[in-house]
Amino acid sequence: MIREKLDNYYSFVFEKELLDEIEQVGVYKKLRENELLVDLGDKMKGVPLLLDGAIKIVREDKKGEEILLYFLERGDTCASSFASAISNGKCGIRAIAEKESEIIFLPKEKLDEWLVKYKSWRNFVIDSYNIRLNEMMETIDTLAFMRMDERLYKYLKDKAQIMRETSLNTTHQDIAYDMHTSRVVISRLLKQLENEGKIKLNRNKIEILEF
């Protein structure tokens, strides 16, 4: 089953020899919804490849309040975890399963070796850094230049795309945590978006009507 999922999502990225090694040394793990994968300050012993599901990546300020940076979906890896593992430093992000997810954890001892041994692995790591950097820049642009209602609508559409669902099971408070604002503000703006015909509100569920 693991090899089948590796082949489904990574056979077009990695050569067979690398997939064979990943299957041999990787540690499979299944995550429950809202289960913590990586926490702030963790020493990374490896990096995850996401086989299925979605992972939320957040930062935390000195007051303990979180802000969403980006989501990972199947076929992705966490560039921040990679950097921490390679440098033997502490992780600067928190990674949480947004829904039931499956990962294969790769030992850090292999990361440097594969950079030399496999061109496909080098390209994958570089591409992952570029993608995450672009997402970080998009997050900064969103905070700096978009109105809160625009940020909220973008958040809902991005999350629906990652979750591969048009209806999101979430609470106003959960959204407020992700967007680093208050539940009252989120509730008011959700009602505004509903009045504009962009979403439909139900109990702990939000249906996205426009993409």
# chains A, B, ... in the order shown; residues from 1 in each chain; ligands from 1

$ residues_around --residues "Asp174 in chain A" --least-positions-apart "6" --cutoff "12 Å" --atoms "only C-alpha atoms" --output "VMD selection string"
chain A and resid 34 66 to 68 98 156 168 180 to 184 186 to 187 204 to 205

$ closest_residue --among "A:Phe82, A:Tyr155, A:Tyr70, A:Tyr118" --to "Phe105 in chain A" --atoms "only C-alpha atoms"
A:Phe82

$ residues_around --residues "range 8-19 of chain A" --least-positions-apart "2" --cutoff "6 Å" --atoms "only C-alpha atoms" --output "PyMOL selection string"
chain A and resi 5-6+21-22+75+120

$ write_last_selection --atoms "N, CA and C atoms" --output "CSV table (one decimal), in the first residue's frame"
chain,number,residue,atom,x,y,z
A,5,LYS,N,1.2,4.2,-3.0
A,5,LYS,CA,1.0,5.7,-2.8
A,5,LYS,C,2.3,6.4,-3.2
A,6,LEU,N,3.4,5.9,-2.9
A,6,LEU,CA,4.7,6.5,-3.3
A,6,LEU,C,4.7,6.6,-4.8
A,21,GLU,N,14.7,3.2,-2.1
A,21,GLU,CA,15.4,3.6,-0.8
A,21,GLU,C,14.4,4.2,0.1
A,22,ILE,N,13.5,5.1,-0.4
A,22,ILE,CA,12.5,5.7,0.5
A,22,ILE,C,11.6,4.6,1.1
A,75,GLY,N,2.0,15.0,-1.8
A,75,GLY,CA,3.1,15.2,-2.7
A,75,GLY,C,4.0,16.3,-2.2
A,120,SER,N,17.2,14.1,-8.9
A,120,SER,CA,15.7,14.3,-8.7
A,120,SER,C,15.4,14.8,-7.3

$ closest_residue --among "A:Arg188, A:Lys110, A:Arg94, A:Arg122" --to "Ser80 in chain A" --atoms "only C-alpha atoms"
A:Arg94

$ atom_distance --atom1 "CA of Ala176 in chain A" --atom2 "CA of Ile93 in chain A"
18.6 Å

$ select_by_dssp --residues "chain A" --states "helix (DSSP H, G or I)" --output "count of residues only"
101

$ residues_around --residues "range 41-50 of chain A" --least-positions-apart "2" --cutoff "7 Å" --atoms "only C-alpha atoms" --output "PyMOL selection string"
chain A and resi 38-39+52+73-78+81-82+84-85+88-92+102-108

$ select_by_dssp --residues "range 34-191 of chain A" --states "strand (DSSP E or B)" --output "PyMOL selection string"
chain A and resi 36-38+43+46-52+54-60+66-73+77+90+94-97+101-107+167-169

$ closest_residue --among "A:Glu60, A:Ala144, A:Glu113, A:Trp121" --to "Ala95 in chain A" --atoms "only C-alpha atoms"
A:Glu60

$ residues_around --residues "Arg203 in chain A" --least-positions-apart "2" --cutoff "12 Å" --atoms "only C-alpha atoms" --output "MDAnalysis selection string"
chainID A and resid 167:172 200:201 205:207

$ write_last_selection --atoms "N, CA, C and O atoms" --output "PDB file, in the first residue's frame"
ATOM      1  N   SER A 167     -17.361  22.162   1.034  1.00  0.00           N
ATOM      2  CA  SER A 167     -17.913  22.466   2.350  1.00  0.00           C
ATOM      3  C   SER A 167     -16.847  22.229   3.414  1.00  0.00           C
ATOM      4  O   SER A 167     -16.257  21.146   3.471  1.00  0.00           O
ATOM      5  N   LEU A 168     -16.612  23.211   4.247  1.00  0.00           N
ATOM      6  CA  LEU A 168     -15.581  23.136   5.274  1.00  0.00           C
ATOM      7  C   LEU A 168     -16.230  22.936   6.640  1.00  0.00           C
ATOM      8  O   LEU A 168     -17.091  23.725   7.048  1.00  0.00           O
ATOM      9  N   ASN A 169     -15.827  21.892   7.346  1.00  0.00           N
ATOM     10  CA  ASN A 169     -16.276  21.680   8.715  1.00  0.00           C
ATOM     11  C   ASN A 169     -15.332  22.432   9.651  1.00  0.00           C
ATOM     12  O   ASN A 169     -14.244  21.968   9.953  1.00  0.00           O
ATOM     13  N   THR A 170     -15.757  23.598  10.082  1.00  0.00           N
ATOM     14  CA  THR A 170     -14.905  24.434  10.915  1.00  0.00           C
ATOM     15  C   THR A 170     -15.768  25.384  11.734  1.00  0.00           C
ATOM     16  O   THR A 170     -16.959  25.565  11.424  1.00  0.00           O
ATOM     17  N   THR A 171     -15.202  25.963  12.758  1.00  0.00           N
ATOM     18  CA  THR A 171     -15.917  26.941  13.576  1.00  0.00           C
ATOM     19  C   THR A 171     -15.357  28.333  13.326  1.00  0.00           C
ATOM     20  O   THR A 171     -14.243  28.493  12.819  1.00  0.00           O
ATOM     21  N   HIS A 172     -16.133  29.331  13.699  1.00  0.00           N
ATOM     22  CA  HIS A 172     -15.670  30.713  13.559  1.00  0.00           C
ATOM     23  C   HIS A 172     -14.426  30.946  14.403  1.00  0.00           C
ATOM     24  O   HIS A 172     -13.518  31.682  14.001  1.00  0.00           O
ATOM     25  N   LYS A 200     -22.237  29.947   2.016  1.00  0.00           N
ATOM     26  CA  LYS A 200     -23.463  29.645   2.748  1.00  0.00           C
ATOM     27  C   LYS A 200     -23.069  29.114   4.114  1.00  0.00           C
ATOM     28  O   LYS A 200     -22.260  28.193   4.221  1.00  0.00           O
ATOM     29  N   LEU A 201     -23.644  29.700   5.158  1.00  0.00           N
ATOM     30  CA  LEU A 201     -23.288  29.326   6.521  1.00  0.00           C
ATOM     31  C   LEU A 201     -24.272  28.311   7.080  1.00  0.00           C
ATOM     32  O   LEU A 201     -25.484  28.477   6.968  1.00  0.00           O
ATOM     33  N   LYS A 205     -20.241  24.584   9.687  1.00  0.00           N
ATOM     34  CA  LYS A 205     -19.933  24.218   8.303  1.00  0.00           C
ATOM     35  C   LYS A 205     -20.103  25.451   7.430  1.00  0.00           C
ATOM     36  O   LYS A 205     -21.041  26.231   7.599  1.00  0.00           O
ATOM     37  N   ILE A 206     -19.174  25.625   6.489  1.00  0.00           N
ATOM     38  CA  ILE A 206     -19.221  26.742   5.556  1.00  0.00           C
ATOM     39  C   ILE A 206     -19.119  26.183   4.142  1.00  0.00           C
ATOM     40  O   ILE A 206     -18.160  25.481   3.808  1.00  0.00           O
ATOM     41  N   GLU A 207     -20.089  26.491   3.317  1.00  0.00           N
ATOM     42  CA  GLU A 207     -20.091  26.031   1.930  1.00  0.00           C
ATOM     43  C   GLU A 207     -19.608  27.160   1.032  1.00  0.00           C
ATOM     44  O   GLU A 207     -20.115  28.276   1.092  1.00  0.00           O
TER      45      GLU A 207
END

$ atom_distance --atom1 "CA of Tyr177 in chain A" --atom2 "CA of Lys198 in chain A"
21.8 Å

$ residues_around --residues "Met163 in chain A" --least-positions-apart "4" --cutoff "8 Å" --atoms "only C-alpha atoms" --output "number ranges by chain"
A: 53-54, 99, 159

$ atom_distance --atom1 "CA of Leu209 in chain A" --atom2 "CA of Gly197 in chain A"
7.2 Å

$ closest_residue --among "A:Leu189, A:Gly26, A:Glu210, A:Asp178" --to "Thr166 in chain A" --atoms "only C-alpha atoms"
A:Glu210

$ closest_residue --among "A:Ile96, A:Met179, A:Val116, A:Met1" --to "Leu31 in chain A" --atoms "only C-alpha atoms"
A:Ile96

$ closest_residue --among "A:Leu190, A:Ile175, A:Leu115, A:Ile126" --to "Glu150 in chain A" --atoms "only C-alpha atoms"
A:Leu190

$ decode --residues "range 120-153 of chain A" --atoms "N, CA, C and O atoms" --output "PDB file, in the first residue's frame"
ATOM      1  N   SER A 120      17.150  14.094  -8.918  1.00  0.00           N
ATOM      2  CA  SER A 120      15.716  14.310  -8.703  1.00  0.00           C
ATOM      3  C   SER A 120      15.440  14.784  -7.277  1.00  0.00           C
ATOM      4  O   SER A 120      14.549  15.612  -7.051  1.00  0.00           O
ATOM      5  N   TRP A 121      16.205  14.285  -6.315  1.00  0.00           N
ATOM      6  CA  TRP A 121      16.020  14.710  -4.924  1.00  0.00           C
ATOM      7  C   TRP A 121      16.469  16.160  -4.747  1.00  0.00           C
ATOM      8  O   TRP A 121      15.801  16.949  -4.079  1.00  0.00           O
ATOM      9  N   ARG A 122      17.611  16.532  -5.350  1.00  0.00           N
ATOM     10  CA  ARG A 122      18.071  17.922  -5.296  1.00  0.00           C
ATOM     11  C   ARG A 122      17.014  18.855  -5.872  1.00  0.00           C
ATOM     12  O   ARG A 122      16.697  19.897  -5.286  1.00  0.00           O
ATOM     13  N   ASN A 123      16.474  18.499  -7.043  1.00  0.00           N
ATOM     14  CA  ASN A 123      15.465  19.332  -7.684  1.00  0.00           C
ATOM     15  C   ASN A 123      14.205  19.441  -6.827  1.00  0.00           C
ATOM     16  O   ASN A 123      13.600  20.513  -6.724  1.00  0.00           O
ATOM     17  N   PHE A 124      13.820  18.333  -6.205  1.00  0.00           N
ATOM     18  CA  PHE A 124      12.631  18.311  -5.354  1.00  0.00           C
ATOM     19  C   PHE A 124      12.807  19.236  -4.155  1.00  0.00           C
ATOM     20  O   PHE A 124      11.901  20.006  -3.808  1.00  0.00           O
ATOM     21  N   VAL A 125      13.977  19.194  -3.527  1.00  0.00           N
ATOM     22  CA  VAL A 125      14.243  20.039  -2.366  1.00  0.00           C
ATOM     23  C   VAL A 125      14.254  21.514  -2.765  1.00  0.00           C
ATOM     24  O   VAL A 125      13.646  22.365  -2.100  1.00  0.00           O
ATOM     25  N   ILE A 126      14.934  21.832  -3.871  1.00  0.00           N
ATOM     26  CA  ILE A 126      14.988  23.221  -4.337  1.00  0.00           C
ATOM     27  C   ILE A 126      13.596  23.721  -4.704  1.00  0.00           C
ATOM     28  O   ILE A 126      13.205  24.845  -4.329  1.00  0.00           O
ATOM     29  N   ASP A 127      12.828  22.904  -5.407  1.00  0.00           N
ATOM     30  CA  ASP A 127      11.461  23.291  -5.779  1.00  0.00           C
ATOM     31  C   ASP A 127      10.600  23.505  -4.537  1.00  0.00           C
ATOM     32  O   ASP A 127       9.784  24.445  -4.484  1.00  0.00           O
ATOM     33  N   SER A 128      10.782  22.652  -3.538  1.00  0.00           N
ATOM     34  CA  SER A 128      10.001  22.778  -2.303  1.00  0.00           C
ATOM     35  C   SER A 128      10.311  24.092  -1.600  1.00  0.00           C
ATOM     36  O   SER A 128       9.408  24.792  -1.117  1.00  0.00           O
ATOM     37  N   TYR A 129      11.604  24.453  -1.540  1.00  0.00           N
ATOM     38  CA  TYR A 129      11.984  25.734  -0.939  1.00  0.00           C
ATOM     39  C   TYR A 129      11.365  26.903  -1.707  1.00  0.00           C
ATOM     40  O   TYR A 129      10.852  27.857  -1.110  1.00  0.00           O
ATOM     41  N   ASN A 130      11.406  26.829  -3.044  1.00  0.00           N
ATOM     42  CA  ASN A 130      10.851  27.907  -3.860  1.00  0.00           C
ATOM     43  C   ASN A 130       9.345  28.051  -3.655  1.00  0.00           C
ATOM     44  O   ASN A 130       8.818  29.171  -3.522  1.00  0.00           O
ATOM     45  N   ILE A 131       8.646  26.923  -3.617  1.00  0.00           N
ATOM     46  CA  ILE A 131       7.195  26.947  -3.436  1.00  0.00           C
ATOM     47  C   ILE A 131       6.838  27.536  -2.076  1.00  0.00           C
ATOM     48  O   ILE A 131       5.967  28.398  -1.956  1.00  0.00           O
ATOM     49  N   ARG A 132       7.526  27.063  -1.030  1.00  0.00           N
ATOM     50  CA  ARG A 132       7.230  27.564   0.312  1.00  0.00           C
ATOM     51  C   ARG A 132       7.578  29.046   0.435  1.00  0.00           C
ATOM     52  O   ARG A 132       6.871  29.804   1.096  1.00  0.00           O
ATOM     53  N   LEU A 133       8.682  29.472  -0.201  1.00  0.00           N
ATOM     54  CA  LEU A 133       9.056  30.890  -0.167  1.00  0.00           C
ATOM     55  C   LEU A 133       7.982  31.733  -0.835  1.00  0.00           C
ATOM     56  O   LEU A 133       7.597  32.791  -0.312  1.00  0.00           O
ATOM     57  N   ASN A 134       7.482  31.282  -1.984  1.00  0.00           N
ATOM     58  CA  ASN A 134       6.425  32.014  -2.678  1.00  0.00           C
ATOM     59  C   ASN A 134       5.154  32.080  -1.831  1.00  0.00           C
ATOM     60  O   ASN A 134       4.467  33.110  -1.802  1.00  0.00           O
ATOM     61  N   GLU A 135       4.853  30.993  -1.133  1.00  0.00           N
ATOM     62  CA  GLU A 135       3.676  30.988  -0.275  1.00  0.00           C
ATOM     63  C   GLU A 135       3.852  31.940   0.904  1.00  0.00           C
ATOM     64  O   GLU A 135       2.893  32.604   1.323  1.00  0.00           O
ATOM     65  N   MET A 136       5.070  31.991   1.441  1.00  0.00           N
ATOM     66  CA  MET A 136       5.345  32.930   2.525  1.00  0.00           C
ATOM     67  C   MET A 136       5.192  34.371   2.035  1.00  0.00           C
ATOM     68  O   MET A 136       4.616  35.216   2.734  1.00  0.00           O
ATOM     69  N   MET A 137       5.688  34.664   0.839  1.00  0.00           N
ATOM     70  CA  MET A 137       5.558  36.009   0.287  1.00  0.00           C
ATOM     71  C   MET A 137       4.097  36.347   0.030  1.00  0.00           C
ATOM     72  O   MET A 137       3.659  37.486   0.262  1.00  0.00           O
ATOM     73  N   GLU A 138       3.337  35.366  -0.418  1.00  0.00           N
ATOM     74  CA  GLU A 138       1.906  35.575  -0.637  1.00  0.00           C
ATOM     75  C   GLU A 138       1.202  35.871   0.687  1.00  0.00           C
ATOM     76  O   GLU A 138       0.318  36.733   0.752  1.00  0.00           O
ATOM     77  N   THR A 139       1.617  35.167   1.744  1.00  0.00           N
ATOM     78  CA  THR A 139       1.040  35.417   3.064  1.00  0.00           C
ATOM     79  C   THR A 139       1.336  36.841   3.520  1.00  0.00           C
ATOM     80  O   THR A 139       0.451  37.543   4.048  1.00  0.00           O
ATOM     81  N   ILE A 140       2.565  37.292   3.310  1.00  0.00           N
ATOM     82  CA  ILE A 140       2.948  38.666   3.682  1.00  0.00           C
ATOM     83  C   ILE A 140       2.141  39.678   2.874  1.00  0.00           C
ATOM     84  O   ILE A 140       1.625  40.666   3.406  1.00  0.00           O
ATOM     85  N   ASP A 141       2.015  39.441   1.564  1.00  0.00           N
ATOM     86  CA  ASP A 141       1.233  40.343   0.719  1.00  0.00           C
ATOM     87  C   ASP A 141      -0.222  40.395   1.172  1.00  0.00           C
ATOM     88  O   ASP A 141      -0.847  41.467   1.184  1.00  0.00           O
ATOM     89  N   THR A 142      -0.750  39.235   1.536  1.00  0.00           N
ATOM     90  CA  THR A 142      -2.142  39.176   1.996  1.00  0.00           C
ATOM     91  C   THR A 142      -2.336  40.016   3.248  1.00  0.00           C
ATOM     92  O   THR A 142      -3.299  40.780   3.373  1.00  0.00           O
ATOM     93  N   LEU A 143      -1.393  39.887   4.195  1.00  0.00           N
ATOM     94  CA  LEU A 143      -1.483  40.652   5.440  1.00  0.00           C
ATOM     95  C   LEU A 143      -1.316  42.148   5.195  1.00  0.00           C
ATOM     96  O   LEU A 143      -1.965  42.969   5.851  1.00  0.00           O
ATOM     97  N   ALA A 144      -0.456  42.487   4.247  1.00  0.00           N
ATOM     98  CA  ALA A 144      -0.105  43.890   4.042  1.00  0.00           C
ATOM     99  C   ALA A 144      -1.105  44.644   3.165  1.00  0.00           C
ATOM    100  O   ALA A 144      -1.362  45.828   3.394  1.00  0.00           O
ATOM    101  N   PHE A 145      -1.657  43.962   2.160  1.00  0.00           N
ATOM    102  CA  PHE A 145      -2.372  44.681   1.108  1.00  0.00           C
ATOM    103  C   PHE A 145      -3.855  44.332   0.963  1.00  0.00           C
ATOM    104  O   PHE A 145      -4.578  45.041   0.255  1.00  0.00           O
ATOM    105  N   MET A 146      -4.323  43.267   1.584  1.00  0.00           N
ATOM    106  CA  MET A 146      -5.715  42.866   1.400  1.00  0.00           C
ATOM    107  C   MET A 146      -6.564  43.262   2.602  1.00  0.00           C
ATOM    108  O   MET A 146      -6.103  43.221   3.738  1.00  0.00           O
ATOM    109  N   ARG A 147      -7.813  43.648   2.325  1.00  0.00           N
ATOM    110  CA  ARG A 147      -8.763  43.894   3.407  1.00  0.00           C
ATOM    111  C   ARG A 147      -9.078  42.574   4.115  1.00  0.00           C
ATOM    112  O   ARG A 147      -8.917  41.494   3.551  1.00  0.00           O
ATOM    113  N   MET A 148      -9.571  42.680   5.334  1.00  0.00           N
ATOM    114  CA  MET A 148      -9.827  41.477   6.113  1.00  0.00           C
ATOM    115  C   MET A 148     -10.856  40.570   5.445  1.00  0.00           C
ATOM    116  O   MET A 148     -10.725  39.339   5.469  1.00  0.00           O
ATOM    117  N   ASP A 149     -11.892  41.144   4.822  1.00  0.00           N
ATOM    118  CA  ASP A 149     -12.889  40.308   4.157  1.00  0.00           C
ATOM    119  C   ASP A 149     -12.283  39.574   2.962  1.00  0.00           C
ATOM    120  O   ASP A 149     -12.612  38.409   2.692  1.00  0.00           O
ATOM    121  N   GLU A 150     -11.359  40.239   2.256  1.00  0.00           N
ATOM    122  CA  GLU A 150     -10.672  39.596   1.133  1.00  0.00           C
ATOM    123  C   GLU A 150      -9.745  38.486   1.634  1.00  0.00           C
ATOM    124  O   GLU A 150      -9.672  37.408   1.032  1.00  0.00           O
ATOM    125  N   ARG A 151      -9.059  38.754   2.742  1.00  0.00           N
ATOM    126  CA  ARG A 151      -8.196  37.723   3.336  1.00  0.00           C
ATOM    127  C   ARG A 151      -9.000  36.508   3.747  1.00  0.00           C
ATOM    128  O   ARG A 151      -8.591  35.358   3.517  1.00  0.00           O
ATOM    129  N   LEU A 152     -10.153  36.752   4.358  1.00  0.00           N
ATOM    130  CA  LEU A 152     -10.995  35.656   4.828  1.00  0.00           C
ATOM    131  C   LEU A 152     -11.499  34.818   3.658  1.00  0.00           C
ATOM    132  O   LEU A 152     -11.462  33.582   3.713  1.00  0.00           O
ATOM    133  N   TYR A 153     -11.951  35.461   2.611  1.00  0.00           N
ATOM    134  CA  TYR A 153     -12.467  34.723   1.452  1.00  0.00           C
ATOM    135  C   TYR A 153     -11.353  33.918   0.786  1.00  0.00           C
ATOM    136  O   TYR A 153     -11.559  32.764   0.378  1.00  0.00           O
TER     137      TYR A 153
END
